[in-house]
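Visitor: Have a peek at my_file35.txt (compact mmCIF, C-alpha atoms).
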# COMPACT_ATOMS: atom_id res chain seq x y z
CA MET A 1 33.11 -15.37 -28.11
CA THR A 2 30.30 -17.69 -26.90
CA LEU A 3 29.28 -17.51 -23.26
CA ASP A 4 29.18 -20.95 -21.64
CA ILE A 5 26.05 -21.00 -19.52
CA ARG A 6 27.30 -24.04 -17.60
CA SER A 7 30.03 -21.88 -16.06
CA PHE A 8 27.42 -19.55 -14.63
CA TRP A 9 25.36 -22.44 -13.31
CA LEU A 10 28.45 -23.62 -11.45
CA ILE A 11 29.21 -20.15 -10.09
CA GLY A 12 25.58 -19.76 -9.02
CA ALA A 13 25.60 -23.12 -7.27
CA LEU A 14 28.78 -22.34 -5.33
CA CYS A 15 27.65 -18.83 -4.32
CA SER A 16 24.18 -19.95 -3.26
CA CYS A 17 25.54 -22.91 -1.31
CA GLY A 18 27.99 -20.71 0.57
CA LEU A 19 25.47 -17.96 1.36
CA GLY A 20 22.72 -20.43 2.27
CA SER A 21 24.99 -22.33 4.64
CA LEU A 22 26.13 -19.08 6.23
CA LEU A 23 22.54 -17.94 6.82
CA LEU A 24 21.66 -21.25 8.44
CA LEU A 25 24.70 -20.92 10.67
CA VAL A 26 23.99 -17.35 11.84
CA SER A 27 20.28 -18.08 12.37
CA ARG A 28 21.19 -19.65 15.72
CA ALA A 29 22.28 -16.27 17.05
CA TYR A 30 18.82 -14.70 16.70
CA PRO A 31 15.55 -15.26 18.57
CA GLY A 32 12.05 -16.16 17.44
CA ASN A 33 10.84 -15.13 14.02
CA LEU A 34 14.23 -13.61 13.15
CA SER A 35 15.83 -17.04 13.47
CA ARG A 36 13.04 -18.67 11.47
CA MET A 37 13.42 -16.07 8.75
CA LEU A 38 17.12 -16.79 8.37
CA ARG A 39 16.47 -20.54 8.35
CA PHE A 40 14.01 -20.12 5.49
CA CYS A 41 16.56 -17.94 3.67
CA GLY A 42 19.32 -20.48 4.23
CA SER A 43 17.11 -23.29 2.96
CA ALA A 44 16.24 -21.16 -0.07
CA GLY A 45 19.94 -20.71 -0.78
CA LEU A 46 20.62 -24.43 -0.60
CA SER A 47 17.60 -25.20 -2.80
CA LEU A 48 18.87 -22.67 -5.35
CA ALA A 49 22.35 -24.20 -5.19
CA ALA A 50 20.97 -27.71 -5.73
CA GLY A 51 18.96 -26.56 -8.75
CA TRP A 52 21.94 -24.88 -10.37
CA ALA A 53 24.20 -27.84 -9.54
CA ILE A 54 21.83 -30.20 -11.36
CA LEU A 55 21.81 -27.88 -14.37
CA PHE A 56 25.61 -27.87 -14.36
CA GLU A 57 25.86 -31.66 -14.05
CA ARG A 58 23.34 -32.32 -16.81
CA GLU A 59 24.92 -35.50 -18.09
CA ALA A 60 25.51 -37.00 -14.67
CA ALA A 61 22.11 -35.96 -13.27
CA GLY A 62 20.09 -37.19 -16.24
CA GLU A 63 17.53 -35.55 -18.50
CA PHE A 64 14.65 -35.79 -16.01
CA SER A 65 16.61 -34.04 -13.27
CA PHE A 66 17.87 -31.43 -15.74
CA LEU A 67 14.44 -30.53 -17.10
CA VAL A 68 12.16 -31.14 -14.13
CA VAL A 69 13.90 -31.44 -10.76
CA SER A 70 16.26 -28.49 -11.24
CA ARG A 71 13.47 -26.05 -12.12
CA THR A 72 11.31 -27.35 -9.31
CA LEU A 73 14.16 -26.62 -6.87
CA LEU A 74 14.71 -23.14 -8.32
CA THR A 75 11.01 -22.38 -7.88
CA LEU A 76 11.07 -23.78 -4.35
CA SER A 77 13.90 -21.36 -3.56
CA LEU A 78 11.71 -18.37 -4.48
CA CYS A 79 8.84 -19.78 -2.42
CA LEU A 80 11.10 -20.16 0.62
CA GLN A 81 12.34 -16.60 0.15
CA TYR A 82 8.73 -15.41 0.08
CA ARG A 83 8.03 -17.41 3.25
CA ALA A 84 11.11 -15.87 4.90
CA VAL A 85 9.94 -12.32 4.13
CA ALA A 86 6.42 -13.10 5.34
CA GLU A 87 7.92 -14.46 8.57
CA ILE A 88 10.00 -11.39 9.37
CA LYS A 89 7.19 -9.01 8.42
CA ARG A 90 4.68 -11.09 10.42
CA GLN A 91 2.38 -11.56 7.44
CA GLN A 92 -0.06 -14.41 7.01
CA SER A 93 1.20 -16.77 4.29
CA SER A 94 -0.66 -19.82 3.08
CA VAL A 95 1.21 -23.09 2.74
CA PHE A 96 -0.02 -23.06 -0.86
CA TRP A 97 2.49 -20.34 -1.74
CA VAL A 98 5.33 -22.54 -0.47
CA LEU A 99 4.27 -25.89 -1.95
CA GLY A 100 1.89 -24.92 -4.76
CA PRO A 101 4.31 -23.27 -7.25
CA PRO A 102 6.96 -26.05 -7.00
CA VAL A 103 4.27 -28.71 -7.53
CA LEU A 104 2.91 -26.73 -10.49
CA MET A 105 6.42 -26.31 -11.88
CA PHE A 106 7.06 -30.06 -11.52
CA ALA A 107 3.86 -30.86 -13.42
CA VAL A 108 4.55 -28.29 -16.16
CA CYS A 109 8.14 -29.43 -16.70
CA ALA A 110 7.21 -33.11 -16.64
CA TRP A 111 4.45 -32.58 -19.20
CA PHE A 112 6.34 -30.36 -21.63
CA GLY A 113 9.59 -32.24 -21.09
CA TYR A 114 8.16 -35.69 -21.66
CA GLY A 115 4.40 -35.67 -22.34
CA THR A 116 4.19 -33.29 -25.30
CA ARG A 117 7.86 -32.46 -25.57
CA ASN A 118 8.29 -28.73 -26.19
CA LEU A 119 11.29 -27.25 -24.43
CA THR A 120 10.55 -23.70 -25.56
CA VAL A 121 7.14 -23.74 -23.88
CA LEU A 122 8.73 -25.36 -20.83
CA VAL A 123 11.26 -22.53 -20.50
CA MET A 124 8.60 -19.86 -21.10
CA LEU A 125 6.28 -21.26 -18.42
CA PHE A 126 9.26 -21.52 -16.08
CA CYS A 127 9.88 -17.80 -16.63
CA VAL A 128 6.19 -16.99 -16.08
CA ILE A 129 6.00 -18.87 -12.77
CA GLN A 130 9.27 -17.32 -11.63
CA VAL A 131 8.05 -13.82 -12.45
CA ALA A 132 4.76 -14.45 -10.61
CA MET A 133 6.60 -15.58 -7.46
CA MET A 134 9.04 -12.67 -7.62
CA ILE A 135 6.18 -10.17 -7.97
CA LEU A 136 4.56 -11.70 -4.89
CA LEU A 137 7.92 -11.46 -3.10
CA VAL A 138 8.33 -7.79 -4.05
CA GLN A 139 4.80 -6.98 -2.89
CA SER A 140 5.54 -8.62 0.45
CA LEU A 141 8.81 -6.69 0.82
CA LEU A 142 7.07 -3.38 0.13
CA GLN A 143 4.35 -3.89 2.74
CA LYS A 144 4.58 -1.24 5.45
CA GLU A 145 5.30 -2.08 9.07
CA ASP A 146 3.84 0.21 11.72
CA GLY A 147 3.12 2.73 8.98
CA HIS A 148 6.69 2.71 7.65
CA ARG A 149 8.45 1.08 4.72
CA LEU A 150 12.03 0.18 5.67
CA PHE A 151 14.83 1.26 3.35
CA ILE A 152 16.54 -2.13 3.29
CA ASP A 153 13.25 -3.78 2.20
CA VAL A 154 12.91 -1.28 -0.66
CA VAL A 155 16.49 -1.99 -1.79
CA ILE A 156 15.94 -5.76 -1.89
CA ALA A 157 12.60 -5.28 -3.68
CA SER A 158 14.32 -3.07 -6.26
CA VAL A 159 16.95 -5.74 -6.88
CA TYR A 160 14.25 -8.34 -7.50
CA ALA A 161 12.39 -5.89 -9.77
CA VAL A 162 15.44 -5.68 -12.02
CA PHE A 163 15.51 -9.46 -12.33
CA ILE A 164 11.75 -9.53 -13.00
CA ALA A 165 12.27 -7.14 -15.92
CA SER A 166 15.15 -9.25 -17.24
CA THR A 167 13.18 -12.50 -17.02
CA ILE A 168 10.21 -10.95 -18.81
CA ALA A 169 12.56 -9.73 -21.52
CA VAL A 170 13.93 -13.26 -21.95
CA ALA A 171 10.40 -14.70 -22.22
CA VAL A 172 9.31 -12.05 -24.74
CA ASN A 173 12.42 -12.56 -26.85
CA LEU A 174 11.89 -16.32 -26.71
CA LEU A 175 8.30 -15.96 -27.89
CA TRP A 176 9.33 -13.57 -30.64
CA THR A 177 12.22 -15.59 -32.06
CA SER A 178 11.44 -19.24 -31.44
CA ARG A 179 7.85 -19.47 -32.68
CA LEU A 180 7.34 -22.02 -29.89
CA SER A 181 9.76 -24.48 -31.41
CA ALA A 182 9.89 -27.91 -29.76
CA THR A 183 13.65 -27.55 -29.26
CA TYR A 184 15.55 -25.01 -27.22
CA GLU A 185 19.21 -24.07 -27.13
CA PHE A 186 19.98 -23.45 -23.44
CA ASN A 187 23.42 -22.03 -24.17
CA ASN A 188 22.22 -18.82 -25.84
CA ARG A 189 23.37 -15.33 -24.96
CA TYR A 190 20.02 -14.17 -23.57
CA SER A 191 19.85 -17.06 -21.10
CA ALA A 192 23.52 -16.61 -20.25
CA TRP A 193 23.12 -12.92 -19.44
CA ASN A 194 19.94 -13.61 -17.48
CA ASN A 195 21.79 -16.23 -15.44
CA ILE A 196 24.60 -13.76 -14.76
CA LEU A 197 22.01 -11.30 -13.53
CA ALA A 198 20.36 -14.04 -11.45
CA ILE A 199 23.66 -14.77 -9.70
CA VAL A 200 24.16 -11.07 -8.93
CA VAL A 201 20.56 -10.54 -7.78
CA PHE A 202 20.42 -13.55 -5.48
CA ALA A 203 23.90 -12.87 -4.11
CA ILE A 204 22.81 -9.31 -3.22
CA ALA A 205 19.48 -10.49 -1.79
CA PHE A 206 20.96 -13.26 0.36
CA SER A 207 23.65 -10.87 1.57
CA MET A 208 21.02 -8.30 2.56
CA TYR A 209 18.66 -10.65 4.37
CA PRO A 210 20.80 -10.50 7.55
CA LEU A 211 20.57 -6.70 7.31
CA MET A 212 16.78 -7.04 7.39
CA VAL A 213 17.13 -9.05 10.58
CA SER A 214 19.56 -6.55 12.13
CA GLU A 215 17.23 -3.68 11.22
CA ARG A 216 14.32 -5.36 13.01
CA LEU A 217 16.47 -6.21 16.00
CA ASN A 218 17.70 -2.62 16.28
CA ARG A 219 14.15 -1.33 16.04
CA ALA A 220 13.00 -3.76 18.72
CA LEU A 221 15.82 -2.67 21.03
CA THR A 222 15.01 0.99 20.38
CA ILE A 223 11.35 0.40 21.16
CA GLN A 224 12.24 -1.48 24.34
CA ALA A 225 14.42 1.44 25.42
CA MET A 226 11.59 3.91 24.78
CA ARG A 227 8.55 1.98 25.97
CA ASP A 228 7.14 1.00 29.33
CA PRO A 229 7.15 -2.82 29.30
CA LEU A 230 3.74 -3.18 30.98
CA THR A 231 1.59 -0.68 29.08
CA GLY A 232 3.55 -0.18 25.87
CA LEU A 233 3.40 3.58 26.34
CA TYR A 234 6.44 5.83 26.22
CA ASN A 235 8.52 5.55 29.35
CA ARG A 236 9.41 8.67 31.29
CA ARG A 237 12.86 9.11 29.78
CA ALA A 238 11.65 8.87 26.17
CA PHE A 239 8.70 11.16 26.94
CA GLU A 240 10.99 13.79 28.42
CA GLU A 241 13.17 13.76 25.30
CA ILE A 242 10.15 14.13 23.03
CA ALA A 243 8.63 16.81 25.23
CA TYR A 244 11.89 18.77 25.26
CA ARG A 245 11.83 19.03 21.47
CA GLU A 246 8.13 19.85 21.29
CA ILE A 247 8.29 22.50 23.99
CA ALA A 248 11.43 24.07 22.49
CA GLY A 249 9.66 24.28 19.14
CA ALA A 250 6.54 25.75 20.73
CA SER A 251 8.66 28.37 22.49
CA ARG A 252 10.32 29.41 19.20
CA THR A 253 7.13 29.56 17.16
CA GLY A 254 4.77 30.82 19.84
CA ASN A 255 2.48 27.80 19.48
CA PRO A 256 0.48 26.69 22.50
CA VAL A 257 1.15 23.42 24.32
CA SER A 258 -0.75 21.61 27.06
CA VAL A 259 0.21 18.96 29.58
CA LEU A 260 -2.22 16.56 31.24
CA VAL A 261 -1.34 14.57 34.34
CA LEU A 262 -3.77 11.68 34.84
CA ASP A 263 -4.06 9.51 37.93
CA ILE A 264 -6.23 6.45 38.58
CA ASP A 265 -8.55 7.11 41.50
CA ARG A 266 -8.12 4.76 44.46
CA PHE A 267 -5.81 2.45 42.55
CA LYS A 268 -4.24 1.23 45.81
CA GLN A 269 -7.59 -0.27 46.79
CA VAL A 270 -7.59 -2.33 43.59
CA ASN A 271 -4.17 -3.78 44.41
CA ASP A 272 -5.12 -4.41 48.04
CA LYS A 273 -8.41 -6.10 47.21
CA TYR A 274 -7.64 -8.02 44.02
CA GLY A 275 -3.84 -8.26 43.96
CA HIS A 276 -1.11 -6.87 41.76
CA THR A 277 -2.07 -9.07 38.81
CA ALA A 278 -5.40 -7.28 38.65
CA GLY A 279 -3.60 -3.98 39.13
CA ASP A 280 -1.32 -4.66 36.16
CA GLY A 281 -4.33 -5.56 34.06
CA VAL A 282 -6.05 -2.33 35.03
CA LEU A 283 -2.97 -0.30 34.08
CA LYS A 284 -2.82 -1.90 30.64
CA ALA A 285 -6.55 -1.43 30.04
CA VAL A 286 -6.38 2.20 31.18
CA ALA A 287 -3.42 2.84 28.87
CA ASP A 288 -5.37 1.47 25.89
CA THR A 289 -8.39 3.62 26.73
CA LEU A 290 -6.25 6.72 27.12
CA ARG A 291 -4.68 6.15 23.69
CA ASP A 292 -8.15 6.17 22.15
CA GLY A 293 -9.11 9.36 23.98
CA LEU A 294 -6.10 11.41 22.90
CA ARG A 295 -5.49 12.99 19.51
CA THR A 296 -3.23 11.24 17.02
CA GLU A 297 -0.54 13.91 17.41
CA ASP A 298 -0.45 13.69 21.22
CA PHE A 299 2.22 11.89 23.25
CA LEU A 300 1.34 9.69 26.22
CA CYS A 301 3.61 8.11 28.79
CA ARG A 302 3.41 6.17 31.99
CA TRP A 303 4.90 8.73 34.35
CA GLY A 304 5.18 6.34 37.28
CA GLY A 305 3.01 3.93 39.25
CA ASP A 306 -0.61 4.64 38.36
CA GLU A 307 0.12 8.11 37.01
CA PHE A 308 0.18 9.01 33.33
CA CYS A 309 1.31 12.14 31.55
CA ALA A 310 0.21 13.44 28.14
CA LEU A 311 1.73 16.20 26.04
CA LEU A 312 -0.65 17.92 23.63
CA PRO A 313 1.28 19.94 21.01
CA ARG A 314 -0.48 23.04 19.63
CA ALA A 315 -3.37 22.54 22.07
CA LYS A 316 -4.95 25.59 23.69
CA ARG A 317 -6.93 25.49 26.90
CA ASP A 318 -10.25 24.65 25.20
CA GLN A 319 -8.66 21.87 23.14
CA ALA A 320 -7.03 20.37 26.24
CA GLN A 321 -10.41 20.54 27.97
CA ASN A 322 -12.06 18.69 25.09
CA VAL A 323 -9.47 15.92 25.39
CA ALA A 324 -9.97 15.68 29.17
CA GLU A 325 -13.74 15.53 28.78
CA ARG A 326 -13.46 12.84 26.13
CA VAL A 327 -11.18 10.76 28.36
CA LEU A 328 -13.48 11.08 31.39
CA LYS A 329 -16.50 10.16 29.27
CA ALA A 330 -14.71 7.01 28.09
CA PHE A 331 -14.26 5.94 31.70
CA GLU A 332 -17.92 6.47 32.63
CA THR A 333 -18.71 2.99 31.32
CA PHE A 334 -15.26 1.49 31.83
CA HIS A 335 -15.09 -1.80 33.73
CA PHE A 336 -12.19 -4.17 34.06
CA ALA A 337 -13.20 -7.82 34.37
CA PHE A 338 -11.05 -9.88 36.72
CA GLU A 339 -11.95 -13.35 37.98
CA GLY A 340 -15.67 -12.67 37.67
CA ASN A 341 -15.44 -9.21 39.23
CA GLN A 342 -16.20 -5.96 37.40
CA ILE A 343 -13.71 -3.38 38.64
CA GLU A 344 -14.89 0.18 38.06
CA ILE A 345 -12.15 2.67 37.25
CA ALA A 346 -12.19 6.46 37.33
CA LEU A 347 -9.54 9.11 36.71
CA SER A 348 -8.62 12.54 37.95
CA ILE A 349 -6.88 14.91 35.55
CA GLY A 350 -4.76 18.01 36.05
CA ILE A 351 -4.25 20.32 33.08
CA MET A 352 -1.66 22.98 32.41
CA SER A 353 -2.00 25.00 29.20
CA GLU A 354 0.70 27.41 28.11
CA GLU A 355 -0.01 29.52 25.05
CA GLY A 356 3.27 30.57 23.51
CA HIS A 357 5.55 30.79 26.53
CA ALA A 358 6.26 27.15 27.40
CA LYS A 359 9.92 26.54 28.20
CA ASP A 360 10.23 23.85 30.86
CA LEU A 361 8.50 20.46 30.99
CA ALA A 362 9.23 20.04 34.69
CA LEU A 363 7.37 23.26 35.50
CA LEU A 364 4.42 22.35 33.29
CA VAL A 365 4.15 18.92 34.91
CA GLN A 366 4.44 20.39 38.39
CA LEU A 367 1.62 22.85 37.71
CA ALA A 368 -0.53 20.14 36.13
CA ASP A 369 0.18 17.91 39.13
CA ASN A 370 -0.99 20.69 41.45
CA ALA A 371 -4.19 20.89 39.42
CA LEU A 372 -4.55 17.11 39.71
CA TYR A 373 -4.37 17.48 43.49
CA GLN A 374 -7.17 20.03 43.35
CA ALA A 375 -9.28 17.64 41.28
CA LYS A 376 -8.71 14.93 43.90
CA LEU A 377 -9.75 17.26 46.71
CA ALA A 378 -12.89 18.23 44.80
CA GLY A 379 -14.12 14.66 44.74
CA ARG A 380 -12.07 12.84 42.06
CA ASN A 381 -13.32 11.65 38.67
CA ARG A 382 -12.93 15.14 37.19
CA PHE A 383 -10.38 17.56 35.80
CA ALA A 384 -8.98 20.87 36.99
CA PHE A 385 -6.82 23.54 35.38
CA ALA A 386 -3.60 24.79 36.88
CA MET A 387 -3.91 28.16 38.59
CA ASP A 388 -7.65 27.73 38.57
CA GLY A 389 -8.94 26.89 41.97
CA ASN A 390 -12.33 25.77 40.74
CA PRO A 391 -12.29 22.25 39.36
CA GLU A 392 -14.43 21.68 36.33
Could you rewrite the structure in this file as structure tokens?
Guide:
Amino acid sequence: MTLDIRSFWLIGALCSCGLGSLLLLVSRAYPGNLSRMLRFCGSAGLSLAAGWAILFEREAAGEFSFLVVSRTLLTLSLCLQYRAVAEIKRQQSSVFWVLGPPVLMFAVCAWFGYGTRNLTVLVMLFCVIQVAMMILLVQSLLQKEDGHRLFIDVVIASVYAVFIASTIAVAVNLLWTSRLSATYEFNNRYSAWNNILAIVVFAIAFSMYPLMVSERLNRALTIQAMRDPLTGLYNRRAFEEIAYREIAGASRTGNPVSVLVLDIDRFKQVNDKYGHTAGDGVLKAVADTLRDGLRTEDFLCRWGGDEFCALLPRAKRDQAQNVAERVLKAFETFHFAFEGNQIEIALSIGIMSEEGHAKDLALLVQLADNALYQAKLAGRNRFAFAMDGNPE
């Protein structure tokens, strides 16, 4: 039985048209770059459908459209998919990678279809350009975001990798068997099976692109629920959940844990003198400086107002002191520029270190807060330990 490749071109055109139209329709329900990503995907689907439709309607479309326009549209589809992935992953993508490959494909197909007519070379170069674009697409999908590689991205990249292998196999077989003959039989079993795989791969990919969007949207909502909107630090609720787990683990294993309560000295004067806009700017700048002063394994939150709280897992008293000293040193030269004014900022820090017996965050914070009060009484811009009446 001979496989009729035209049947698969028709199936591919119908599937791609339906999925592309659906993606364009649902793109309206999403904001910002998520909507743009789906629009690029939808356009890619329609471009793919148009290319396959021209292949199917070879006689009606004409030889030029069959050899040149169809393959240009198929290449454009891959470029738009690459642009869609770059959009959702917030990667820089040159316009060259959207327009360059289709233009190159147009030139290649026009030359080998009409200039020096060699359909075998035309098909081989089409495979090469397709493989190059798909490799670029896979690389983009596998780029990490915030240090993580999302599962759905890996799945889509794996699907494309299968098609890359199949397309390379077709090109190698073509080179091995045809000897670069000027003619090419499009309705051969290798092309037919590769087109079947193409339909499956692109159907899976276009079906999974909305899952990529949903994954990002869910992550954004999770981050919003966990983060303070002004500073980007953990909010109090998220911090308490994290601290509960860390402290429970420290209690079981006997590991030390320390809590720092940090308060901006005379912050009310900043608001009174420069306004709340300046105060918000100070809070954001202080949060950024605190992040740099803490260890990578530490957790920092905006506890409320101008007060911050940090949990230092596995940190003994001397380690907590080193962190406090590093933070205070960072603020020795800290100035916040606002409307031509240089606002000097200082902190007071209360520290509570519990070595192996920590059980309750509320108690640790209360004791650290008491130490903070002692640091304030001692003149501010310093730290003090809980149950240690002498500020450092």
Visitor: Pick the closest to A:Phe331 from A:Arg302, A:Arg382, A:Arg58, A:Arg317: which is it, counting only C-alpha atoms?
Guide: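 Comparing A:Arg302, A:Arg382, A:Arg58, A:Arg317 against A:Phe331, the winner is A:Arg382.
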Visitor: Using all atoms listed in the file, list the residues that have an atom at most 8 Å from (17.2, -19.5, 4.6), coordinates as in the file, as a list in words.
Guide: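 Residues found, by chain and rising number: Gly20, Leu23, Leu24, Met37, Leu38, Arg39, Phe40, Cys41, Gly42, Ser43, Ala44, Gly45, Leu46, Leu80, Gln81 and Ala84 of chain A.
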Visitor: For atom CA of A:Gly51 and atom CA of A:Leu34, quote the distance in Å rounded to one decimal.
Guide: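 The value is 25.9 Å.
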Visitor: Quick one: residues within 10 Å of A:Val162, only C-alpha atoms counted, chain neighbours fewer than 6 positions away excluded, as a PDB file with C-alpha atoms, in the coordinates of the input?
Guide:
ATOM      1  CA  LEU A 197      22.010 -11.300 -13.530  1.00  0.00           C
ATOM      2  CA  ALA A 198      20.360 -14.040 -11.450  1.00  0.00           C
ATOM      3  CA  VAL A 201      20.560 -10.540  -7.780  1.00  0.00           C
TER       4      VAL A 201
END
Visitor: Skip A:Leu175 itself and residues of its chain fewer than 4 positions away, then list as a short mmCIF file (atom, residue, chain, number, x, y, z; two decimals) with C-alpha atoms, in the coordinates of the input all residues within 12 Å of it, counting only C-alpha atoms.
Guide:
data_model
loop_
_atom_site.label_atom_id
_atom_site.label_comp_id
_atom_site.auth_asym_id
_atom_site.auth_seq_id
_atom_site.Cartn_x
_atom_site.Cartn_y
_atom_site.Cartn_z
CA THR A 120 10.55 -23.70 -25.56
CA VAL A 121 7.14 -23.74 -23.88
CA LEU A 122 8.73 -25.36 -20.83
CA VAL A 123 11.26 -22.53 -20.50
CA MET A 124 8.60 -19.86 -21.10
CA LEU A 125 6.28 -21.26 -18.42
CA CYS A 127 9.88 -17.80 -16.63
CA ILE A 168 10.21 -10.95 -18.81
CA ALA A 169 12.56 -9.73 -21.52
CA VAL A 170 13.93 -13.26 -21.95
CA ALA A 171 10.40 -14.70 -22.22
CA ARG A 179 7.85 -19.47 -32.68
CA LEU A 180 7.34 -22.02 -29.89
CA SER A 181 9.76 -24.48 -31.41
CA TYR A 184 15.55 -25.01 -27.22
#
Visitor: Set out as a Markdown table a contact list for stretch 105-190 of chain A and stretch 211-234 of chain A with a cut-off of 10 Å, giving each residue of stretch 105-190 of chain A that qualifies its closest atom pair and distance in Å to one decimal, counting all atoms listed in the file, ordered by chain and rising residue number.
Guide:
| residue | atom | partner | partner_atom | distance |
| --- | --- | --- | --- | --- |
| A:Leu150 | CA | A:Glu215 | CA | 8.5 |
| A:Phe151 | CA | A:Met212 | CA | 9.4 |
| A:Ile152 | CA | A:Met212 | CA | 6.4 |
| A:Asp153 | CA | A:Met212 | CA | 7.1 |
| A:Ile156 | CA | A:Met212 | CA | 9.4 |
Visitor: Compare A:Ala157, A:Val138, A:Ala330, A:Gly249 by their minimum atom-to-atom distance to A:Met208, counting only C-alpha atoms, and give me the closest one.
Guide: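 Residue with the minimum atom-to-atom distance to A:Met208: A:Ala157.
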Visitor: Go ahead and compute the interatomic distance for atom CA of A:Trp97 and atom CA of A:Cys79, in Å to one decimal.
Guide: 6.4 Å
Visitor: Find the residues near A:Ala320: any atom within 9 Å, counting all atoms listed in the file, skip ones fewer than 5 places away on the same chain, and give them as an NGL selection string.
Guide: :A and (257-260 or 312 or 315 or 325 or 351-353)
Visitor: Could you give me, as a VMD selection string, the residues within 9 Å of A:Arg36, counting only C-alpha atoms and dropping anything in the same chain fewer than 6 positions from it?
Guide: chain A and resid 27 30 84 87 to 88
Visitor: How many Å lie between atom CA of A:Tyr114 and atom CA of A:Ile11, rounded to one decimal?
Guide: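 Answer for the atom CA of A:Tyr114 to atom CA of A:Ile11 separation: 28.6 Å.
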Visitor: Show which residues sit within 9 Å of A:Ala86, as a compact mmCIF listing (two decimals) with C-alpha atoms, in the coordinates of the input. Count all atoms listed in the file, and ignore same-chain residues fewer than 5 positions away.
Guide:
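selection34.txt, freshly written:
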# COMPACT_ATOMS: atom_id res chain seq x y z
CA MET A 37 13.42 -16.07 8.75
CA GLN A 81 12.34 -16.60 0.15
CA GLN A 91 2.38 -11.56 7.44
CA GLN A 92 -0.06 -14.41 7.01
CA SER A 93 1.20 -16.77 4.29
CA LEU A 137 7.92 -11.46 -3.10
CA SER A 140 5.54 -8.62 0.45
CA LEU A 141 8.81 -6.69 0.82
Visitor: Restricting the calculation to all atoms listed in the file: of A:Leu361, A:Arg83, A:Ile349, A:Ile204, which residue gets closest to A:Met133?
Guide: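 Closest to A:Met133 of all the choices is A:Arg83.
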